[in-house]
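coords31.cif, holding mmCIF, C-alpha atoms:
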data_data
#
loop_
_atom_site.label_atom_id
_atom_site.label_comp_id
_atom_site.auth_asym_id
_atom_site.auth_seq_id
_atom_site.Cartn_x
_atom_site.Cartn_y
_atom_site.Cartn_z
CA MET Z 1 134.48 93.00 108.44
CA PRO Z 2 133.45 95.79 106.01
CA ARG Z 3 130.11 97.56 106.39
CA LEU Z 4 127.44 96.54 103.87
CA ASN Z 5 124.45 98.58 102.70
CA LEU Z 6 121.58 96.19 102.03
CA HIS Z 7 118.68 97.70 100.08
CA LEU Z 8 115.33 95.89 100.29
CA LEU Z 9 112.77 96.89 97.64
CA SER Z 10 109.24 95.53 97.50
CA ASP Z 11 106.06 96.43 95.63
CA SER Z 12 104.03 95.32 98.66
CA THR Z 13 104.48 95.51 102.44
CA GLY Z 14 107.94 93.93 102.26
CA GLU Z 15 107.27 91.47 105.09
CA THR Z 16 108.39 88.49 103.03
CA LEU Z 17 111.52 90.26 101.85
CA GLU Z 18 112.43 91.36 105.37
CA ALA Z 19 111.96 87.83 106.70
CA ILE Z 20 114.20 86.35 104.00
CA ALA Z 21 116.88 88.97 104.57
CA LYS Z 22 116.74 88.44 108.33
CA ALA Z 23 117.05 84.67 107.96
CA ALA Z 24 120.00 85.00 105.60
CA LEU Z 25 121.80 87.57 107.75
CA ALA Z 26 121.44 85.34 110.80
CA GLN Z 27 124.03 83.07 109.21
CA PHE Z 28 126.68 85.80 109.40
CA GLU Z 29 127.63 86.51 113.00
CA GLY Z 30 128.77 90.04 113.71
CA ALA Z 31 128.02 91.27 110.19
CA ASP Z 32 127.94 95.07 109.97
CA VAL Z 33 124.89 95.62 107.77
CA ILE Z 34 122.81 98.75 107.30
CA ARG Z 35 119.37 97.88 105.98
CA HIS Z 36 117.52 100.35 103.76
CA PHE Z 37 113.86 99.33 103.51
CA TRP Z 38 111.72 100.47 100.56
CA PRO Z 39 108.15 99.04 100.58
CA MET Z 40 105.24 99.77 98.19
CA VAL Z 41 107.45 100.58 95.19
CA ARG Z 42 104.88 100.59 92.39
CA SER Z 43 105.83 103.45 90.07
CA GLN Z 44 108.77 104.58 87.97
CA GLN Z 45 108.81 107.89 89.87
CA HIS Z 46 109.13 106.12 93.21
CA LEU Z 47 111.89 103.91 91.87
CA ASP Z 48 113.76 106.97 90.53
CA ARG Z 49 113.77 108.55 94.00
CA ILE Z 50 115.04 105.36 95.59
CA MET Z 51 117.83 104.93 93.06
CA GLY Z 52 119.31 108.21 94.25
CA ASP Z 53 119.73 106.80 97.74
CA ILE Z 54 121.06 103.49 96.40
CA ALA Z 55 123.66 105.38 94.33
CA SER Z 56 124.69 107.36 97.44
CA ASN Z 57 124.87 104.20 99.57
CA PRO Z 58 126.05 101.47 97.19
CA GLY Z 59 125.75 97.88 98.29
CA LEU Z 60 123.62 94.79 97.72
CA VAL Z 61 120.03 95.06 96.42
CA PHE Z 62 117.33 92.49 97.23
CA TYR Z 63 113.89 92.86 95.68
CA THR Z 64 110.46 91.27 95.28
CA MET Z 65 108.48 92.87 92.44
CA ALA Z 66 105.68 91.55 90.29
CA SER Z 67 105.86 94.23 87.58
CA THR Z 68 108.10 93.07 84.74
CA GLU Z 69 108.68 96.69 83.71
CA LEU Z 70 109.80 97.86 87.16
CA ARG Z 71 111.94 94.78 87.66
CA GLY Z 72 113.70 95.45 84.38
CA LYS Z 73 114.28 99.11 85.24
CA LEU Z 74 115.67 98.24 88.66
CA VAL Z 75 118.05 95.60 87.30
CA GLU Z 76 119.18 97.93 84.51
CA ARG Z 77 119.88 100.82 86.91
CA CYS Z 78 121.70 98.61 89.43
CA ARG Z 79 123.90 97.07 86.76
CA ALA Z 80 124.76 100.55 85.48
CA LEU Z 81 125.97 101.33 89.00
CA GLY Z 82 127.88 98.06 89.15
CA LEU Z 83 125.74 96.79 92.04
CA PRO Z 84 124.61 93.17 92.57
CA VAL Z 85 120.83 92.83 92.46
CA VAL Z 86 118.91 89.72 93.53
CA SER Z 87 115.27 88.73 93.07
CA VAL Z 88 114.89 86.62 96.19
CA LEU Z 89 111.73 84.74 95.15
CA ASP Z 90 112.56 83.89 91.54
CA SER Z 91 113.96 80.40 92.21
CA ALA Z 92 110.94 79.41 94.29
CA VAL Z 93 108.43 80.83 91.78
CA GLU Z 94 110.19 79.18 88.83
CA ALA Z 95 110.20 75.82 90.61
CA LEU Z 96 106.48 76.12 91.37
CA GLU Z 97 105.76 77.20 87.80
CA SER Z 98 107.47 74.08 86.51
CA ALA Z 99 105.82 71.75 89.03
CA LEU Z 100 102.31 73.23 88.66
CA GLY Z 101 102.46 73.78 84.90
CA GLN Z 102 101.02 77.27 85.06
CA HIS Z 103 102.32 80.83 84.88
CA PRO Z 104 102.33 83.00 88.04
CA ARG Z 105 100.04 86.00 88.23
CA ALA Z 106 102.06 89.20 88.41
CA ARG Z 107 100.05 90.90 91.14
CA PRO Z 108 101.89 92.70 93.98
CA GLY Z 109 100.83 91.84 97.53
CA ARG Z 110 98.73 88.89 96.40
CA GLN Z 111 99.57 87.04 99.64
CA HIS Z 112 97.93 89.87 101.59
CA MET Z 113 94.55 89.69 99.85
CA MET Z 114 91.57 90.20 102.18
CA ASP Z 115 90.16 86.74 101.63
CA GLU Z 116 88.50 84.35 104.07
CA ALA Z 117 91.84 83.39 105.58
CA TYR Z 118 92.67 87.04 106.20
CA PHE Z 119 89.49 87.67 108.16
CA ALA Z 120 89.98 84.42 110.07
CA ARG Z 121 93.41 85.68 111.13
CA VAL Z 122 91.93 89.01 112.26
CA ASP Z 123 89.33 87.09 114.28
CA ALA Z 124 92.09 84.97 115.83
CA ILE Z 125 94.07 88.05 116.86
CA GLN Z 126 91.02 89.66 118.45
CA PHE Z 127 90.19 86.46 120.33
CA THR Z 128 93.76 86.04 121.55
CA ILE Z 129 94.09 89.61 122.83
CA ALA Z 130 90.76 89.29 124.66
CA HIS Z 131 91.82 86.01 126.32
CA ASP Z 132 95.26 86.95 127.58
CA ASP Z 133 96.47 86.12 131.09
CA GLY Z 134 93.50 83.99 132.15
CA VAL Z 135 90.81 86.50 131.17
CA MET Z 136 87.39 85.30 129.95
CA TRP Z 137 88.06 81.66 130.77
CA GLU Z 138 84.39 80.91 130.05
CA ASP Z 139 85.21 81.07 126.31
CA TRP Z 140 88.25 78.80 126.34
CA GLU Z 141 86.40 75.97 124.60
CA GLU Z 142 86.31 78.20 121.50
CA ALA Z 143 90.12 78.41 121.42
CA ASP Z 144 92.33 76.30 119.19
CA ILE Z 145 95.19 76.35 121.69
CA VAL Z 146 95.51 77.16 125.39
CA LEU Z 147 98.98 77.92 126.76
CA ALA Z 148 99.66 77.41 130.47
CA GLY Z 149 102.80 78.38 132.35
CA VAL Z 150 104.27 80.34 135.22
CA SER Z 151 104.70 84.10 134.99
CA ARG Z 152 107.25 85.26 132.36
CA SER Z 153 107.37 81.97 130.48
CA SER Z 154 106.60 83.79 127.18
CA LYS Z 155 102.90 82.87 127.08
CA THR Z 156 101.63 86.22 125.77
CA PRO Z 157 104.16 86.84 122.96
CA THR Z 158 103.84 83.24 121.83
CA SER Z 159 100.05 83.58 121.83
CA ILE Z 160 100.20 86.73 119.71
CA TYR Z 161 102.62 85.11 117.27
CA LEU Z 162 100.30 82.10 116.92
CA ALA Z 163 97.31 84.40 116.46
CA ASN Z 164 99.08 86.01 113.52
CA ARG Z 165 99.29 82.52 112.05
CA GLY Z 166 95.50 82.18 112.40
CA PHE Z 167 95.18 80.28 115.69
CA LYS Z 168 92.76 81.36 118.40
CA VAL Z 169 94.85 81.21 121.57
CA ALA Z 170 94.11 81.71 125.25
CA ASN Z 171 96.75 81.65 127.96
CA ILE Z 172 96.65 81.15 131.71
CA PRO Z 173 99.29 81.86 134.35
CA VAL Z 174 100.01 78.97 136.70
CA VAL Z 175 100.16 80.37 140.24
CA VAL Z 176 100.69 78.17 143.29
CA GLU Z 177 98.46 80.32 145.52
CA SER Z 178 95.69 80.64 142.92
CA PRO Z 179 94.74 77.44 141.10
CA PRO Z 180 93.33 77.91 137.59
CA PRO Z 181 89.59 77.59 136.88
CA THR Z 182 88.40 73.99 136.88
CA ALA Z 183 87.21 74.54 133.29
CA LEU Z 184 90.85 74.27 132.18
CA PHE Z 185 90.93 70.58 133.06
CA GLY Z 186 87.79 69.68 131.11
CA LEU Z 187 88.46 71.33 127.78
CA LYS Z 188 87.59 69.18 124.75
CA HIS Z 189 88.36 71.24 121.64
CA PRO Z 190 91.55 73.21 122.41
CA LEU Z 191 95.00 71.71 122.64
CA VAL Z 192 96.42 72.64 126.05
CA VAL Z 193 100.21 73.07 126.05
CA GLY Z 194 102.38 73.63 129.09
CA LEU Z 195 105.32 76.04 128.83
CA THR Z 196 108.17 75.52 131.26
CA THR Z 197 111.62 76.99 131.73
CA ALA Z 198 114.72 76.62 133.88
CA PRO Z 199 114.34 78.38 137.28
CA ASP Z 200 117.66 80.27 136.94
CA ARG Z 201 116.66 81.63 133.55
CA LEU Z 202 113.20 82.51 134.85
CA ILE Z 203 114.68 84.45 137.76
CA GLN Z 204 116.89 86.40 135.36
CA VAL Z 205 113.93 87.30 133.13
CA ARG Z 206 111.79 88.32 136.09
CA ARG Z 207 114.56 90.42 137.62
CA ASN Z 208 115.01 92.27 134.32
CA ARG Z 209 111.27 92.84 134.23
CA LEU Z 210 111.28 94.35 137.72
CA LEU Z 211 114.19 96.62 136.81
CA SER Z 212 112.39 97.83 133.69
CA LEU Z 213 109.45 98.81 135.92
CA ASN Z 214 111.77 100.57 138.40
CA GLN Z 215 110.78 98.12 141.12
CA ALA Z 216 112.99 96.47 143.73
CA PRO Z 217 114.91 93.66 142.00
CA GLU Z 218 114.89 91.43 145.10
CA THR Z 219 111.39 90.24 146.03
CA ALA Z 220 109.58 86.94 146.53
CA TYR Z 221 108.91 87.06 142.79
CA VAL Z 222 112.56 86.22 142.16
CA ASP Z 223 113.30 84.17 145.29
CA GLN Z 224 115.19 81.02 144.25
CA ASP Z 225 113.26 78.54 146.42
CA ARG Z 226 109.90 80.06 145.57
CA VAL Z 227 110.59 80.04 141.83
CA VAL Z 228 111.74 76.39 141.97
CA ARG Z 229 108.48 75.48 143.73
CA GLU Z 230 106.47 77.37 141.10
CA VAL Z 231 108.14 75.54 138.23
CA GLN Z 232 107.74 72.16 139.95
CA TYR Z 233 104.07 72.89 140.69
CA ALA Z 234 103.44 73.74 137.03
CA ARG Z 235 105.26 70.65 135.78
CA ARG Z 236 103.22 68.41 138.09
CA MET Z 237 100.03 69.99 136.76
CA PHE Z 238 101.11 69.37 133.17
CA ALA Z 239 102.06 65.76 133.91
CA ASP Z 240 98.88 65.04 135.89
CA ASN Z 241 96.75 66.20 132.95
CA ASP Z 242 98.93 64.59 130.27
CA TRP Z 243 99.47 67.92 128.51
CA PRO Z 244 102.40 68.23 126.10
CA VAL Z 245 105.19 70.40 127.47
CA ILE Z 246 107.64 72.73 125.74
CA ASP Z 247 110.78 73.95 127.50
CA VAL Z 248 111.24 77.57 126.40
CA THR Z 249 114.54 78.12 128.23
CA ARG Z 250 116.62 78.45 125.08
CA ARG Z 251 113.91 78.90 122.48
CA SER Z 252 112.94 82.06 120.66
CA ILE Z 253 109.25 82.98 120.44
CA GLU Z 254 109.25 81.79 116.82
CA GLU Z 255 110.77 78.42 117.79
CA THR Z 256 108.28 77.94 120.62
CA ALA Z 257 105.37 78.79 118.31
CA ALA Z 258 106.66 76.37 115.67
CA ALA Z 259 106.79 73.60 118.28
CA VAL Z 260 103.23 74.41 119.38
CA ILE Z 261 102.00 74.30 115.78
CA ASN Z 262 103.64 70.89 115.29
CA LEU Z 263 101.88 69.60 118.40
CA TYR Z 264 98.59 71.07 117.21
CA ASN Z 265 98.89 69.49 113.77
CA GLU Z 266 99.78 66.13 115.31
CA SER Z 267 96.78 66.33 117.63
CA ARG Z 268 94.47 67.01 114.67
CA ALA Z 269 95.98 64.42 112.35
CA PRO Z 270 93.54 61.60 111.52
CA LYS Z 271 94.32 58.32 113.24
CA ASP Z 272 94.47 55.38 110.84
CA GLY Z 273 93.41 52.95 113.51
CA ARG Z 274 96.00 50.36 112.55
CA ALA Z 275 97.53 48.22 115.29
CA ASP Z 276 101.29 48.31 115.77
#
Would you give me this structure, written as structure tokens?
Amino acid sequence: MPRLNLHLLSDSTGETLEAIAKAALAQFEGADVIRHFWPMVRSQQHLDRIMGDIASNPGLVFYTMASTELRGKLVERCRALGLPVVSVLDSAVEALESALGQHPRARPGRQHMMDEAYFARVDAIQFTIAHDDGVMWEDWEEADIVLAGVSRSSKTPTSIYLANRGFKVANIPVVVESPPPTALFGLKHPLVVGLTTAPDRLIQVRRNRLLSLNQAPETAYVDQDRVVREVQYARRMFADNDWPVIDVTRRSIEETAAAVINLYNESRAPKDGRAD
């Protein structure tokens, strides 16, 4: 498979563009792609400098730009070089324009405006970091979501991902020898979700963690029987409290977070009260 230079140009942070490119590339296994990332492109001078690199490393150009003038210059320069250039959001914006009956505002980075939602997300991140790994359990009632699971069941990264989506999240490790605070079982506002995983996979993750810390890879932490008991103990706790459970064995952090958000939305959906 030939090597491809993929140039990503954005007049803002480029997060949206990177996410789209990543999702598209995931469909091509083993693709040899070199990504060239160019955020905050907001002037002709900046674009001129970038075009030199694009000319030296020809390939495919993806862009998200609000400025009609810069878009036109980029397309013109790429076509002169014989390079394909794609505005990755045009189809979505055009469809919305038609459905909403209004013209889009050409303002770069509009999705990153420091509005009320932005500050709510910052607040959620601060809360989540402060309530990691069972810390400050007295404040759990203020959380939107509480994640419970044995050690290395992806509680922390999932919590941080959810916080970036605006959810206040606390997480608690489930340890056989140290039961969680009783407050966990009486929470009213947060949705408590149990995270579980296959013991063999858990042992592998824990062993890799020990190796990364230059610790002995064979300890009680990765003992087969002990790990099986831990997982069973956690699952019994989840079942006894009627908490929804997500098996993270073969899920990415993003997939786990999406499943948690679905559960959260379902738990907050109004009940119509109709009998079946």
Practice prompt. Any chance you could resolve the PyMOL selection byres ((chain Z and resi 188-204) around 8) against this file and give the residues as a ChimeraX atom specification?
Written response: /Z:140-150,152-153,155,186-187,205-208,222-224,227-228,231,234-235,238,243-249,260,264,267
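Of the listed residues Z:Leu89, Z:Met136, Z:Ile50, Z:Ile125, the one whose atoms come nearest to Phe167 (chain Z) is Z:Ile125, with distances taken using all atoms listed in the file.
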Worksheet entry | Computed interatomic separation between CA of Arg229 (chain Z) and CA of Asn241 (chain Z) (Å) |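 Going from CA of Arg229 (chain Z) over to CA of Asn241 (chain Z) covers 18.4 Å.
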Fill in: Residues matched by the PyMOL selection byres ((chain Z and resi 175-178) around 7) as a ChimeraX atom specification
/Z:150,173-174,179-180,230,233
Worksheet item: Smallest atom-to-atom distance to Ile129 (chain Z): which of Z:Thr68, Z:Leu60, Z:Asn171, Z:Val88, using only C-alpha atoms?
Response: Z:Asn171
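Atom pair CA of Ala124 (chain Z) / CA of Thr182 (chain Z) has a distance of 24.0 Å (rounded to one decimal).
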Item to complete: Counting all atoms listed in the file, select every polymer residue within 7 Å of (120.7, 90.2, 99.9) as defined in the file's coordinates, and provide the selection as a list of chain:residue names.
Response: Z:Leu6, Z:Ala21, Z:Leu60, Z:Val61, Z:Phe62, Z:Val86
Practice prompt. Given the file shown, enumerate the residues that the PyMOL selection byres ((chain Z and resi 76-84) around 9) captures and present them as a PyMOL selection string.
Written response: chain Z and resi 51+54-55+58-62+71-75+85-86
Fill in: Nearest residue to Thr64 (chain Z) from the set Z:Met40, Z:Leu162, Z:Ala23, Z:Ala257 (distances using all atoms listed in the file)
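Using all atoms listed in the file, Thr64 (chain Z) sits closest to Z:Met40.
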Your completed region 126-138 of chain Z with N, CA and C atoms, as a compact mmCIF listing (two decimals), in the coordinates of the input:
# COMPACT_ATOMS: atom_id res chain seq x y z
N GLN Z 126 91.96 89.04 117.51
CA GLN Z 126 91.02 89.66 118.45
C GLN Z 126 90.70 88.71 119.61
N PHE Z 127 90.48 87.45 119.29
CA PHE Z 127 90.19 86.46 120.33
C PHE Z 127 91.37 86.33 121.30
N THR Z 128 92.57 86.26 120.74
CA THR Z 128 93.76 86.04 121.55
C THR Z 128 94.03 87.21 122.49
N ILE Z 129 93.88 88.43 121.99
CA ILE Z 129 94.09 89.61 122.83
C ILE Z 129 93.07 89.64 123.96
N ALA Z 130 91.84 89.25 123.65
CA ALA Z 130 90.76 89.29 124.66
C ALA Z 130 90.91 88.19 125.70
N HIS Z 131 91.70 87.15 125.40
CA HIS Z 131 91.82 86.01 126.32
C HIS Z 131 93.24 85.84 126.83
N ASP Z 132 93.90 86.96 127.05
CA ASP Z 132 95.26 86.95 127.58
C ASP Z 132 95.26 86.85 129.10
N ASP Z 133 96.23 86.14 129.66
CA ASP Z 133 96.47 86.12 131.09
C ASP Z 133 95.27 85.62 131.91
N GLY Z 134 94.58 84.61 131.40
CA GLY Z 134 93.50 83.99 132.15
C GLY Z 134 92.16 84.69 132.07
N VAL Z 135 92.06 85.75 131.26
CA VAL Z 135 90.81 86.50 131.17
C VAL Z 135 89.79 85.74 130.32
N MET Z 136 88.52 85.89 130.69
CA MET Z 136 87.39 85.30 129.95
C MET Z 136 87.55 83.79 129.75
N TRP Z 137 87.86 83.09 130.85
CA TRP Z 137 88.06 81.66 130.77
C TRP Z 137 86.80 80.91 130.33
N GLU Z 138 85.64 81.56 130.45
CA GLU Z 138 84.39 80.91 130.05
C GLU Z 138 84.37 80.57 128.55
